[in-house]
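The data block below is query12.cif; it holds mmCIF, C-alpha atoms.
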```cif
data_structure
#
loop_
_atom_site.label_atom_id
_atom_site.label_comp_id
_atom_site.auth_asym_id
_atom_site.auth_seq_id
_atom_site.Cartn_x
_atom_site.Cartn_y
_atom_site.Cartn_z
CA MET U 18 0.00 0.00 0.00
CA ASP U 19 1.32 3.37 -0.94
CA GLY U 20 -1.14 5.79 0.57
CA SER U 21 -1.07 8.62 3.10
CA LEU U 22 -0.25 12.19 2.31
CA THR U 23 3.39 11.84 3.21
CA PRO U 24 5.61 12.92 0.32
CA ARG U 25 7.50 10.14 -1.42
CA SER U 26 10.86 11.39 -0.26
CA THR U 27 11.90 14.71 1.07
CA ARG U 28 15.38 13.72 2.19
CA GLY U 29 17.94 16.11 0.77
CA ARG U 30 15.22 18.17 -0.82
CA LEU U 31 14.07 21.70 -0.26
CA ASP U 32 11.89 22.31 2.75
CA GLU U 33 8.27 23.08 1.99
CA PRO U 34 8.24 26.87 2.44
CA THR U 35 11.40 27.24 0.34
CA LEU U 36 10.02 24.93 -2.33
CA THR U 37 6.76 26.86 -2.43
CA GLU U 38 8.62 30.17 -2.70
CA ARG U 39 10.71 28.91 -5.58
CA VAL U 40 7.70 27.57 -7.44
CA LEU U 41 5.99 30.92 -6.99
CA ALA U 42 9.12 32.60 -8.33
CA GLY U 43 8.81 30.52 -11.51
CA ASP U 44 11.61 28.03 -10.80
CA ALA U 45 10.94 25.10 -13.16
CA ALA U 46 13.16 22.71 -11.20
CA ALA U 47 11.19 23.45 -8.06
CA GLU U 48 7.95 22.77 -9.91
CA ARG U 49 9.29 19.41 -10.95
CA GLU U 50 10.42 18.65 -7.41
CA LEU U 51 7.01 19.44 -6.03
CA TYR U 52 5.42 17.28 -8.73
CA ASP U 53 7.79 14.35 -8.10
CA ALA U 54 7.14 14.42 -4.38
CA HIS U 55 3.37 14.12 -4.70
CA VAL U 56 2.39 12.75 -8.09
CA ASP U 57 2.36 9.06 -7.11
CA ARG U 58 -0.17 9.47 -4.34
CA ILE U 59 -2.39 11.81 -6.35
CA TYR U 60 -2.39 9.47 -9.36
CA ARG U 61 -2.99 6.40 -7.20
CA LEU U 62 -5.97 8.01 -5.52
CA ALA U 63 -7.35 9.24 -8.85
CA TYR U 64 -6.94 5.78 -10.38
CA ARG U 65 -8.54 4.03 -7.40
CA MET U 66 -11.52 6.36 -7.64
CA THR U 67 -11.97 6.39 -11.43
CA GLY U 68 -10.69 2.94 -12.41
CA GLU U 69 -9.52 4.47 -15.70
CA ASP U 70 -5.98 5.32 -16.61
CA ALA U 71 -6.92 8.13 -18.99
CA LEU U 72 -9.29 9.79 -16.54
CA ALA U 73 -6.85 9.32 -13.66
CA GLN U 74 -4.14 11.01 -15.73
CA ASP U 75 -6.47 13.87 -16.60
CA CYS U 76 -7.39 14.36 -12.95
CA THR U 77 -3.74 14.28 -11.89
CA GLN U 78 -2.70 16.77 -14.55
CA GLU U 79 -5.54 19.10 -13.67
CA THR U 80 -4.69 18.87 -9.98
CA PHE U 81 -1.11 20.01 -10.57
CA ILE U 82 -2.04 22.70 -13.05
CA ARG U 83 -4.57 24.13 -10.63
CA ALA U 84 -2.09 23.80 -7.80
CA PHE U 85 0.62 25.70 -9.69
CA GLU U 86 -1.87 28.38 -10.68
CA ARG U 87 -3.24 28.81 -7.17
CA LEU U 88 -0.15 28.18 -5.12
CA ALA U 89 -0.15 31.81 -4.07
CA GLU U 90 -3.37 31.06 -2.19
CA PHE U 91 -1.63 28.37 -0.16
CA ARG U 92 -0.97 29.90 3.24
CA GLY U 93 0.72 27.01 4.98
CA ASP U 94 -2.04 26.42 7.52
CA ALA U 95 -2.00 22.80 6.47
CA SER U 96 0.81 20.91 4.81
CA LEU U 97 1.32 21.24 1.08
CA ALA U 98 0.32 17.58 0.73
CA THR U 99 -2.99 18.22 2.45
CA TRP U 100 -3.65 21.25 0.29
CA LEU U 101 -2.81 19.29 -2.87
CA HIS U 102 -5.17 16.51 -1.80
CA THR U 103 -7.90 19.07 -1.25
CA VAL U 104 -7.49 20.12 -4.88
CA ALA U 105 -7.21 16.51 -6.06
CA THR U 106 -10.31 15.21 -4.32
CA SER U 107 -12.32 18.12 -5.69
CA VAL U 108 -11.05 17.48 -9.23
CA VAL U 109 -11.74 13.74 -8.96
CA LEU U 110 -15.25 14.15 -7.55
CA ASN U 111 -16.08 16.65 -10.33
CA ALA U 112 -14.72 14.23 -12.96
CA LEU U 113 -16.82 11.41 -11.53
CA ARG U 114 -19.95 13.57 -11.64
CA LYS U 115 -19.23 14.45 -15.26
CA ARG U 116 -18.60 10.81 -16.18
CA LYS U 117 -21.83 9.74 -14.50
CA ARG U 118 -23.80 12.22 -16.62
CA LEU U 119 -22.13 10.94 -19.80
CA ARG U 120 -22.71 7.31 -18.87
CA ARG U 121 -26.41 7.90 -18.25
CA ARG U 122 -26.64 9.09 -21.84
CA GLU U 123 -24.58 6.16 -23.14
CA VAL U 124 -26.71 3.60 -21.30
CA GLY U 125 -29.73 5.03 -23.06
CA LEU U 126 -28.02 4.65 -26.43
CA GLU U 127 -26.94 1.10 -25.69
CA SER U 128 -30.41 0.04 -24.65
CA ALA U 129 -31.79 1.46 -27.85
CA ALA U 130 -29.17 -0.31 -29.94
CA GLY U 131 -29.70 -3.63 -28.15
CA LEU U 132 -25.98 -4.10 -27.80
CA GLY U 133 -24.01 -5.75 -25.04
CA HIS U 134 -23.24 -9.41 -24.77
CA GLY U 135 -25.16 -9.98 -21.57
CA SER U 136 -23.77 -12.01 -18.74
CA ARG U 137 -21.58 -14.74 -20.10
CA ARG U 138 -21.02 -16.23 -16.69
CA ALA U 139 -23.86 -17.14 -14.39
CA GLU U 140 -22.36 -15.51 -11.29
CA PRO U 141 -19.49 -13.08 -10.91
CA ASP U 142 -17.01 -14.18 -8.28
CA LEU U 143 -16.89 -12.65 -4.86
CA ARG U 144 -14.10 -10.21 -5.67
CA GLU U 145 -16.13 -8.81 -8.53
CA ARG U 146 -19.15 -8.55 -6.25
CA LEU U 147 -17.09 -6.61 -3.74
CA HIS U 148 -15.74 -4.31 -6.42
CA ALA U 149 -19.24 -3.78 -7.77
CA ALA U 150 -20.45 -3.01 -4.24
CA ILE U 151 -17.66 -0.46 -3.79
CA ASP U 152 -18.54 1.06 -7.17
CA ALA U 153 -22.13 1.38 -6.00
CA LEU U 154 -21.23 3.44 -2.92
CA PRO U 155 -22.04 7.15 -3.11
CA ASP U 156 -18.87 8.93 -4.29
CA ARG U 157 -18.26 10.67 -0.97
CA TYR U 158 -18.46 7.40 0.99
CA ARG U 159 -16.39 5.64 -1.65
CA MET U 160 -13.73 8.35 -1.43
CA VAL U 161 -13.50 7.92 2.34
CA PHE U 162 -13.49 4.11 2.07
CA VAL U 163 -10.82 4.09 -0.66
CA MET U 164 -8.65 6.63 1.13
CA HIS U 165 -8.87 4.89 4.50
CA ASP U 166 -9.30 1.18 3.87
CA VAL U 167 -7.53 0.84 0.53
CA GLU U 168 -4.86 3.55 0.47
CA GLY U 169 -4.24 3.86 4.19
CA TYR U 170 -4.94 7.55 4.87
CA THR U 171 -5.89 8.51 8.41
CA HIS U 172 -9.18 10.17 9.28
CA ARG U 173 -7.28 13.39 10.04
CA GLU U 174 -5.80 13.34 6.56
CA ILE U 175 -9.13 12.49 4.95
CA GLY U 176 -10.91 15.17 6.93
CA ALA U 177 -8.35 17.76 5.91
CA ALA U 178 -8.46 16.76 2.23
CA LEU U 179 -12.23 16.62 2.00
CA GLY U 180 -12.89 19.57 4.27
CA ILE U 181 -14.88 17.54 6.77
CA ARG U 182 -14.49 16.80 10.48
CA VAL U 183 -12.68 13.69 11.64
CA GLY U 184 -15.95 12.45 13.14
CA THR U 185 -17.70 12.88 9.80
CA SER U 186 -14.99 10.92 8.05
CA LYS U 187 -15.38 8.12 10.59
CA ALA U 188 -19.15 8.17 10.23
CA GLN U 189 -18.92 8.00 6.44
CA LEU U 190 -16.48 5.12 6.63
CA PHE U 191 -18.81 3.33 9.04
CA ARG U 192 -21.72 3.78 6.63
CA ALA U 193 -19.63 2.68 3.66
CA ARG U 194 -18.56 -0.49 5.45
CA GLU U 195 -22.12 -1.10 6.57
CA LYS U 196 -23.32 -0.90 2.96
CA LEU U 197 -20.57 -3.27 1.86
CA ARG U 198 -21.38 -5.71 4.65
CA LYS U 199 -25.03 -5.68 3.62
CA ALA U 200 -24.14 -6.17 -0.03
CA LEU U 201 -21.84 -9.07 0.80
CA HIS U 202 -23.41 -10.67 3.87
CA LEU U 203 -24.42 -13.78 1.95
CA TYR U 204 -20.80 -14.34 0.98
CA ALA U 205 -19.11 -13.52 4.29
CA GLY U 206 -17.74 -17.03 4.61
CA GLU U 207 -16.13 -16.92 1.21
CA LEU U 208 -14.21 -13.77 2.12
CA ALA U 209 -12.24 -15.67 4.73
CA MET G 30 -4.38 23.07 10.82
CA ARG G 31 -1.05 21.34 10.72
CA ASP G 32 -1.00 17.57 10.53
CA GLU G 33 2.27 16.36 12.04
CA ARG G 34 2.04 12.96 10.36
CA MET G 35 2.18 14.53 6.95
CA ASP G 36 5.52 16.11 7.71
CA ALA G 37 7.21 12.86 8.60
CA ALA G 38 9.12 11.95 5.48
CA GLY G 39 8.84 8.34 4.50
CA GLY G 40 6.25 7.60 7.15
CA ARG G 41 3.44 5.48 5.84
CA PRO G 42 0.56 3.88 7.66
CA SER G 43 0.73 0.13 7.62
CA ARG G 44 -2.29 -1.74 6.52
CA GLY G 45 -4.13 -3.55 9.24
CA GLY G 46 -2.37 -1.75 12.08
CA MET G 47 -3.70 0.81 14.49
CA ARG G 48 -3.86 4.21 13.00
CA PRO G 49 -2.88 7.31 14.93
CA ASP G 50 -6.49 8.39 15.03
CA GLY G 51 -7.41 5.12 16.68
CA ASP G 52 -9.91 3.90 14.12
CA ALA G 53 -8.06 0.76 13.10
CA LEU G 54 -10.45 -1.98 12.08
CA ARG G 55 -12.96 -1.45 14.80
CA SER G 56 -16.53 -2.00 13.83
CA ASP G 57 -19.35 -0.95 16.09
CA ASP G 58 -21.58 -3.85 15.21
CA GLY G 59 -19.19 -6.65 15.92
CA GLY G 60 -18.47 -7.18 12.24
CA GLU G 61 -14.75 -6.43 12.53
CA GLY G 62 -13.83 -9.82 11.12
CA LEU G 63 -15.83 -9.21 7.98
CA ASP G 64 -14.57 -5.63 7.75
CA GLU G 65 -11.02 -6.87 7.84
CA ARG G 66 -11.70 -9.44 5.15
CA ILE G 67 -13.41 -6.78 3.04
CA ARG G 68 -10.37 -4.52 3.46
CA ALA G 69 -8.05 -7.31 2.42
CA ALA G 70 -10.12 -8.08 -0.68
CA ALA G 71 -10.51 -4.38 -1.49
CA GLY G 72 -6.77 -4.03 -2.02
CA ASP G 73 -7.32 -5.13 -5.61
CA TYR G 74 -10.01 -2.53 -6.21
CA HIS G 75 -8.86 -0.46 -9.21
CA ARG G 76 -5.26 -1.39 -8.53
CA PRO G 77 -3.21 1.43 -10.10
CA PRO G 78 -0.50 0.73 -12.65
CA GLU G 79 2.87 2.47 -12.43
CA THR G 80 2.45 6.23 -12.47
CA PRO G 81 3.01 7.61 -15.99
CA ARG G 82 4.85 10.53 -14.47
CA GLU G 83 6.87 11.67 -17.49
CA ALA G 84 3.91 11.66 -19.88
CA MET G 85 1.79 13.64 -17.44
CA TRP G 86 4.61 16.04 -16.66
CA ASP G 87 5.13 16.75 -20.36
CA ARG G 88 1.45 17.61 -20.75
CA ILE G 89 1.45 19.74 -17.61
CA ARG G 90 4.48 21.69 -18.83
CA SER G 91 2.95 22.07 -22.24
CA ALA G 92 -0.33 23.26 -20.74
CA ARG G 93 1.48 25.77 -18.54
CA ASP G 94 3.39 27.07 -21.55
CA SER G 95 0.50 27.18 -24.01
CA GLY G 96 -2.42 27.65 -21.66
CA GLU G 97 -4.18 24.64 -23.18
CA LEU G 98 -4.39 21.32 -21.37
CA VAL G 99 -4.46 18.19 -23.52
CA ARG G 100 -6.79 15.75 -21.83
CA VAL G 101 -5.96 12.11 -22.39
CA ARG G 102 -9.56 10.97 -22.25
CA GLU G 103 -10.89 13.64 -24.61
CA ARG G 104 -7.97 13.20 -27.00
CA ARG G 105 -8.79 9.49 -27.29
CA ALA G 106 -12.48 10.20 -27.71
CA ARG G 107 -11.73 12.72 -30.49
CA ARG G 108 -9.53 10.18 -32.25
CA TRP G 109 -12.31 7.58 -32.17
CA THR G 110 -14.97 10.07 -33.19
CA VAL G 111 -13.02 11.17 -36.24
CA TRP G 112 -12.41 7.58 -37.16
CA GLY G 113 -16.08 6.66 -36.75
CA ALA G 114 -17.18 9.65 -38.78
CA GLY G 115 -14.83 8.57 -41.59
CA ILE G 116 -16.29 5.08 -41.67
CA ALA G 117 -19.84 6.38 -41.66
CA ALA G 118 -19.03 8.74 -44.52
CA VAL G 119 -17.52 5.94 -46.63
CA LEU G 120 -20.50 3.69 -46.08
CA ALA G 121 -23.07 6.39 -46.63
CA LEU G 122 -21.41 7.45 -49.86
CA GLY G 123 -20.85 3.91 -51.08
CA ILE G 124 -24.35 2.74 -50.35
CA ALA G 125 -25.93 5.91 -51.66
CA ILE G 126 -24.04 5.51 -54.95
CA GLY G 127 -25.09 1.85 -54.99
CA ARG G 128 -28.74 2.74 -54.54
CA LEU G 129 -28.69 5.49 -57.11
CA SER G 130 -27.07 3.31 -59.71
CA ALA G 131 -28.93 0.11 -58.84
CA PRO G 132 -31.30 -1.40 -61.44
CA GLY G 133 -34.69 0.27 -61.31
CA ALA G 134 -33.44 3.37 -59.57
CA ALA G 135 -34.33 6.70 -61.11
CA GLY G 136 -31.86 7.54 -63.80
CA SER G 137 -30.49 4.04 -63.87
CA THR G 138 -29.88 2.36 -67.17
CA GLY G 139 -30.92 -0.97 -65.70
CA GLY G 140 -29.92 -4.19 -67.37
CA VAL G 141 -29.17 -6.50 -64.41
CA ALA G 142 -31.81 -8.66 -62.78
CA ALA G 143 -32.81 -7.60 -59.31
CA GLY G 144 -31.04 -9.61 -56.64
CA ALA G 145 -28.02 -10.34 -58.80
CA PRO G 146 -25.04 -10.98 -56.53
CA PRO G 147 -22.65 -8.09 -56.19
CA THR G 148 -18.99 -8.39 -56.91
CA ALA G 149 -17.00 -9.83 -54.06
CA VAL G 150 -14.59 -7.54 -52.28
CA GLY G 151 -11.66 -9.41 -53.72
CA THR G 152 -12.67 -9.10 -57.35
CA THR G 153 -12.58 -6.22 -59.77
CA ALA G 154 -15.47 -4.65 -61.61
CA GLY G 155 -14.07 -5.67 -64.93
CA GLU G 156 -14.31 -9.38 -64.15
CA ARG G 157 -18.05 -9.42 -64.05
CA PRO G 158 -20.28 -8.89 -67.07
CA GLY G 159 -23.08 -6.37 -66.65
CA THR G 160 -24.21 -2.90 -67.42
CA VAL G 161 -22.49 0.34 -66.55
CA ALA G 162 -25.04 0.83 -63.77
CA SER G 163 -24.50 -2.52 -62.11
CA SER G 164 -20.75 -2.07 -62.31
CA ALA G 165 -21.09 1.28 -60.61
CA ALA G 166 -23.30 -0.26 -57.91
CA ASP G 167 -20.87 -3.09 -57.36
CA ALA G 168 -17.96 -0.71 -57.24
CA ALA G 169 -19.77 1.42 -54.69
CA TYR G 170 -20.53 -1.50 -52.37
CA ARG G 171 -17.07 -2.87 -52.91
CA MET G 172 -15.55 0.46 -52.02
CA ALA G 173 -17.71 0.73 -48.91
CA ALA G 174 -16.95 -2.85 -47.82
CA ALA G 175 -13.23 -2.57 -48.48
CA GLY G 176 -12.94 0.70 -46.61
CA HIS G 177 -14.93 -0.72 -43.73
CA LEU G 178 -12.93 -3.92 -43.50
CA TYR G 179 -9.69 -1.99 -43.67
CA ARG G 180 -10.74 -0.01 -40.62
CA VAL G 181 -12.03 -3.06 -38.78
CA GLU G 182 -8.67 -4.72 -39.36
CA ALA G 183 -6.81 -1.69 -37.99
CA PHE G 184 -9.18 -1.47 -35.02
CA LEU G 185 -8.91 -5.16 -34.14
CA THR G 186 -5.13 -5.07 -34.48
CA GLN G 187 -4.98 -2.21 -32.01
CA PHE G 188 -7.47 -3.88 -29.70
CA ARG G 189 -5.48 -7.12 -29.61
CA SER G 190 -2.28 -5.28 -28.94
CA GLU G 191 -3.87 -3.45 -26.00
CA ALA G 192 -5.67 -6.59 -24.79
CA ARG G 193 -2.42 -8.53 -24.66
CA SER G 194 -0.75 -5.82 -22.65
CA GLY G 195 -3.75 -5.90 -20.32
CA ARG G 196 -4.45 -2.19 -20.80
CA VAL G 197 -7.45 -1.56 -23.03
CA ASP G 198 -8.66 1.97 -23.64
CA PRO G 199 -12.19 2.10 -22.22
CA ASP G 200 -13.11 4.64 -24.88
CA LEU G 201 -12.90 1.99 -27.59
CA ARG G 202 -16.53 1.13 -26.94
CA ALA G 203 -17.66 4.04 -29.13
CA PRO G 204 -15.71 3.04 -32.28
CA ALA G 205 -16.65 -0.62 -31.70
CA ARG G 206 -20.30 0.39 -31.71
CA GLN G 207 -19.80 2.50 -34.81
CA LEU G 208 -18.01 -0.33 -36.62
CA LEU G 209 -20.66 -2.80 -35.45
CA SER G 210 -23.41 -0.61 -36.76
CA ASN G 211 -21.70 -0.30 -40.14
CA THR G 212 -21.06 -4.05 -40.26
CA ARG G 213 -24.77 -4.66 -39.78
CA LEU G 214 -25.51 -2.11 -42.48
CA LEU G 215 -23.29 -4.04 -44.87
CA LEU G 216 -24.80 -7.37 -43.80
CA ALA G 217 -28.21 -6.01 -44.76
CA SER G 218 -26.93 -4.72 -48.10
CA PRO G 219 -26.40 -6.64 -51.37
CA ALA G 220 -22.71 -6.79 -50.45
CA ALA G 221 -23.57 -9.64 -48.07
CA ASN G 222 -24.82 -11.77 -50.99
CA ASP G 223 -21.21 -12.69 -51.55
CA PRO G 224 -20.67 -15.78 -49.37
CA SER G 225 -17.03 -15.12 -48.51
CA LEU G 226 -17.72 -11.51 -47.57
CA ARG G 227 -20.76 -12.54 -45.54
CA THR G 228 -18.69 -15.05 -43.55
CA VAL G 229 -16.16 -12.37 -42.66
CA LEU G 230 -18.85 -9.84 -41.80
CA ASP G 231 -20.59 -12.40 -39.55
CA ASP G 232 -17.34 -13.05 -37.67
CA VAL G 233 -16.59 -9.34 -37.44
CA GLU G 234 -20.10 -8.63 -36.13
CA LEU G 235 -19.68 -11.14 -33.30
CA VAL G 236 -16.26 -9.86 -32.26
CA LEU G 237 -17.31 -6.19 -32.40
CA ALA G 238 -20.42 -6.91 -30.33
CA GLN G 239 -18.19 -8.46 -27.66
CA ILE G 240 -15.86 -5.47 -27.68
CA ALA G 241 -18.76 -3.01 -27.62
CA GLY G 242 -20.02 -4.77 -24.49
CA TYR G 243 -16.56 -5.16 -22.99
CA SER G 244 -16.93 -2.30 -20.53
CA ALA G 245 -19.86 -4.11 -18.91
CA ASP G 246 -17.39 -6.80 -17.85
CA PRO G 247 -13.90 -5.22 -17.92
CA SER G 248 -12.07 -8.22 -16.53
CA ARG G 249 -8.87 -9.75 -17.86
CA GLU G 250 -10.76 -12.99 -18.31
CA ASN G 251 -13.24 -11.31 -20.63
CA LEU G 252 -10.41 -9.65 -22.55
CA ARG G 253 -8.78 -13.03 -23.03
CA PHE G 254 -12.11 -14.50 -24.12
CA ILE G 255 -12.51 -11.86 -26.84
CA ASP G 256 -8.88 -12.15 -27.91
CA ASP G 257 -9.14 -15.95 -28.14
CA GLY G 258 -12.30 -15.57 -30.23
CA ILE G 259 -10.48 -13.35 -32.73
CA GLU G 260 -7.63 -15.85 -32.87
CA GLN G 261 -9.74 -18.98 -33.18
CA ARG G 262 -11.94 -17.58 -35.93
CA GLY G 263 -8.93 -16.31 -37.83
CA VAL G 264 -10.74 -13.00 -38.20
CA LEU G 265 -7.65 -10.89 -38.76
CA LEU G 266 -6.24 -13.29 -41.34
CA GLU G 267 -9.54 -13.24 -43.26
CA LEU G 268 -9.65 -9.47 -43.07
CA ARG G 269 -6.06 -9.01 -44.21
CA THR G 270 -6.59 -11.39 -47.11
CA LEU G 271 -9.64 -9.51 -48.31
CA VAL G 272 -8.20 -6.08 -47.71
CA SER G 273 -4.93 -6.84 -49.48
CA ALA G 274 -6.84 -8.34 -52.44
CA GLU G 275 -8.87 -5.18 -52.83
CA SER G 276 -6.28 -2.65 -51.61
CA PRO G 277 -8.25 0.52 -52.26
CA PRO G 278 -5.50 3.10 -52.11
CA GLY G 279 -7.75 6.05 -51.44
CA LEU G 280 -9.69 4.29 -48.73
CA ALA G 281 -6.69 2.68 -47.20
CA GLN G 282 -5.29 6.12 -46.60
CA GLY G 283 -8.53 7.40 -45.15
CA ALA G 284 -9.46 9.48 -48.17
CA LEU G 285 -12.75 10.48 -46.67
#
```
Could I get this structure in the form of structure tokens?
Amino acid sequence: MDGSLTPRSTRGRLDEPTLTERVLAGDAAAERELYDAHVDRIYRLAYRMTGEDALAQDCTQETFIRAFERLAEFRGDASLATWLHTVATSVVLNALRKRKRLRRREVGLESAAGLGHGSRRAEPDLRERLHAAIDALPDRYRMVFVMHDVEGYTHREIGAALGIRVGTSKAQLFRAREKLRKALHLYAGELA
Amino acid sequence: MRDERMDAAGGRPSRGGMRPDGDALRSDDGGEGLDERIRAAAGDYHRPPETPREAMWDRIRSARDSGELVRVRERRARRWTVWGAGIAAVLALGIAIGRLSAPGAAGSTGGVAAGAPPTAVGTTAGERPGTVASSAADAAYRMAAAGHLYRVEAFLTQFRSEARSGRVDPDLRAPARQLLSNTRLLLASPAANDPSLRTVLDDVELVLAQIAGYSADPSRENLRFIDDGIEQRGVLLELRTLVSAESPPGLAQGAL
């Protein structure tokens, strides 16, 4: 697991305020350093949430472009990683909303065209059921579940990134797990 | 708000251990065992590939320099849309010419019995006796079929290459649908009276329908199933044989 907001490696690198100052001054090497320190976690989170390489790349790119454009607004109240994740989660949730709208239209087209090969197998296996159940979670719950249970972020980190209280993050994780348990209760034994 | 954990370089929460905020795997309804098993199984959920950091960095730099961000998803969609539009244009033109010049059509000189089989994709207009009109109709269908099969061959080649690397562009559903629709159009046209062409179109229809529905079951197993189907039916070999026999230079280069 490669989660948490901790930068990949900061040893021998510029400290955060200096790095931020240099980026703001237009130092290209500093921009690259900031990008290198955080891109893995942003891309991983975007990929976990979207399940699509192309969309995850778009979200990651947009996160960094926005971050570079708005870095002057970063006041250092939170860490740079937290601030970047605030931008990233917003970009990802917006992308998911947009994709949902597009897919609703596509489903309509597919129904009309009578396409799709149907279910070739009688029953998907348990792993697929679990993944389908995670997919079916509301995006906010899914974000908390993915960040905490899949990528290993703490509730403090999640709360800071999503702009919610730690208690709210815990409550959303509880509800997400509850929904998953309900969706999978018939197969609990098989998960062992 | 300053989160001390985020400043600790290299620190990373370990899966399954107590977290600093004390949540760990506790479940208030006694379902901690199931929660833990769900967490373990969820590790595979949308497992990310290696970060394409250089490709993304290049686009970010370019966007910062030019002020225009190239989106991977939209770029792929545009590529497919242009491709699909080209196919549709070829078929529409080919079939329209065929209808206009078919026996009995207004302005047609007639001369060939209705239902006469069209020229196969692999033959030339000169090999078949008939009137100027029927030759034009045959040529039109042949042109449409050849252009279509050329694109199907290119599409399936790309699909197989991506399928074998395990990374298939989810946006390929749109061109698969477009190609499937055009295949069905050709199957319903006089072009399908040619038995060899019909066989290929039937195989192509089946494979494209599977790819068009691929996103409903985006598993590696399904990818392998589709890939095996292409292999076992020899679809690409059939396509390449027909396409190379016809080799329409204009169409092959995407004239439309």
Check: Which of these, G:Val181, G:Leu252, G:Met85, G:Leu209, has the shortest distance to chain U once you count all atoms listed in the file?
Finding: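 With all atoms listed in the file as the atom set, the closest residue is G:Met85.
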Check: How would you write, as a list of chain:residue names, the residues chosen by the PyMOL selection byres ((chain U and resi 85) around 10) on this structure?
Finding: U:Thr37, U:Val40, U:Leu41, U:Gly43, U:Glu48, U:Leu51, U:Tyr52, U:Glu79, U:Thr80, U:Phe81, U:Ile82, U:Arg83, U:Ala84, U:Glu86, U:Arg87, U:Leu88, U:Ala89, U:Leu101, G:Ile89, G:Arg93
Item checked: Contact residues around Leu178 (chain G) with only C-alpha atoms at 9 Å, ignoring same-chain residues under 6 positions, as JSON, numbers by chain -> {"G": [212, 230, 233, 268, 269, 271, 272]}
Next item on the list: Point out the residue among U:Thr67, U:Asp94, U:Arg144, U:Val183 with the least atom-to-atom distance to Met160 (chain U), counting all atoms listed in the file.
Entry: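 Distance minimum relative to Met160 (chain U) lands on U:Thr67.
Interatomic distance, CA of Arg68 (chain G) against CA of Asp166 (chain U): 5.8 Å.
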To test your reading of the syntax: which residues would the PyMOL selection byres ((chain U and resi 35) around 12) return for the file shown? Reply as a PDB file with C-alpha atoms, keeping the file's coordinate frame.
```pdb
ATOM      1  CA  ARG U  30      15.220  18.170  -0.820  1.00  0.00           C
ATOM      2  CA  LEU U  31      14.070  21.700  -0.260  1.00  0.00           C
ATOM      3  CA  ASP U  32      11.890  22.310   2.750  1.00  0.00           C
ATOM      4  CA  GLU U  33       8.270  23.080   1.990  1.00  0.00           C
ATOM      5  CA  PRO U  34       8.240  26.870   2.440  1.00  0.00           C
ATOM      6  CA  LEU U  36      10.020  24.930  -2.330  1.00  0.00           C
ATOM      7  CA  THR U  37       6.760  26.860  -2.430  1.00  0.00           C
ATOM      8  CA  GLU U  38       8.620  30.170  -2.700  1.00  0.00           C
ATOM      9  CA  ARG U  39      10.710  28.910  -5.580  1.00  0.00           C
ATOM     10  CA  VAL U  40       7.700  27.570  -7.440  1.00  0.00           C
ATOM     11  CA  LEU U  41       5.990  30.920  -6.990  1.00  0.00           C
ATOM     12  CA  ALA U  42       9.120  32.600  -8.330  1.00  0.00           C
ATOM     13  CA  ASP U  44      11.610  28.030 -10.800  1.00  0.00           C
ATOM     14  CA  ALA U  47      11.190  23.450  -8.060  1.00  0.00           C
ATOM     15  CA  GLU U  48       7.950  22.770  -9.910  1.00  0.00           C
ATOM     16  CA  GLU U  50      10.420  18.650  -7.410  1.00  0.00           C
ATOM     17  CA  LEU U  51       7.010  19.440  -6.030  1.00  0.00           C
ATOM     18  CA  GLY U  93       0.720  27.010   4.980  1.00  0.00           C
ATOM     19  CA  LEU U  97       1.320  21.240   1.080  1.00  0.00           C
TER      20      LEU U  97
END
```
Next item on the list: Please measure the separation of CA of Pro77 (chain G) and CA of Glu250 (chain G), giving the value in Å to one decimal.
Entry: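 Atom-to-atom, CA of Pro77 (chain G) to CA of Glu250 (chain G), that is 18.2 Å.
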Quick one: everything within 9 Å of region 150-154 of chain U, counting only C-alpha atoms, minus sequence neighbours fewer than 6 positions away in the same chain. Send it as an mmCIF file with C-alpha atoms, in the coordinates of the input.
```cif
data_model
loop_
_atom_site.group_PDB
_atom_site.id
_atom_site.type_symbol
_atom_site.label_atom_id
_atom_site.label_comp_id
_atom_site.auth_asym_id
_atom_site.auth_seq_id
_atom_site.Cartn_x
_atom_site.Cartn_y
_atom_site.Cartn_z
ATOM 1 C CA MET U 66 -11.520 6.360 -7.640
ATOM 2 C CA PHE U 162 -13.490 4.110 2.070
ATOM 3 C CA VAL U 163 -10.820 4.090 -0.660
ATOM 4 C CA ALA U 193 -19.630 2.680 3.660
ATOM 5 C CA LYS U 196 -23.320 -0.900 2.960
ATOM 6 C CA LEU U 197 -20.570 -3.270 1.860
ATOM 7 C CA ALA U 200 -24.140 -6.170 -0.030
ATOM 8 C CA LEU U 201 -21.840 -9.070 0.800
ATOM 9 C CA ALA G 71 -10.510 -4.380 -1.490
ATOM 10 C CA TYR G 74 -10.010 -2.530 -6.210
#
```
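Using only C-alpha atoms, the shortest contact distance between chain U and any of G:Val264, G:Ala174, G:Ile240, G:Leu214 is found at G:Ile240.
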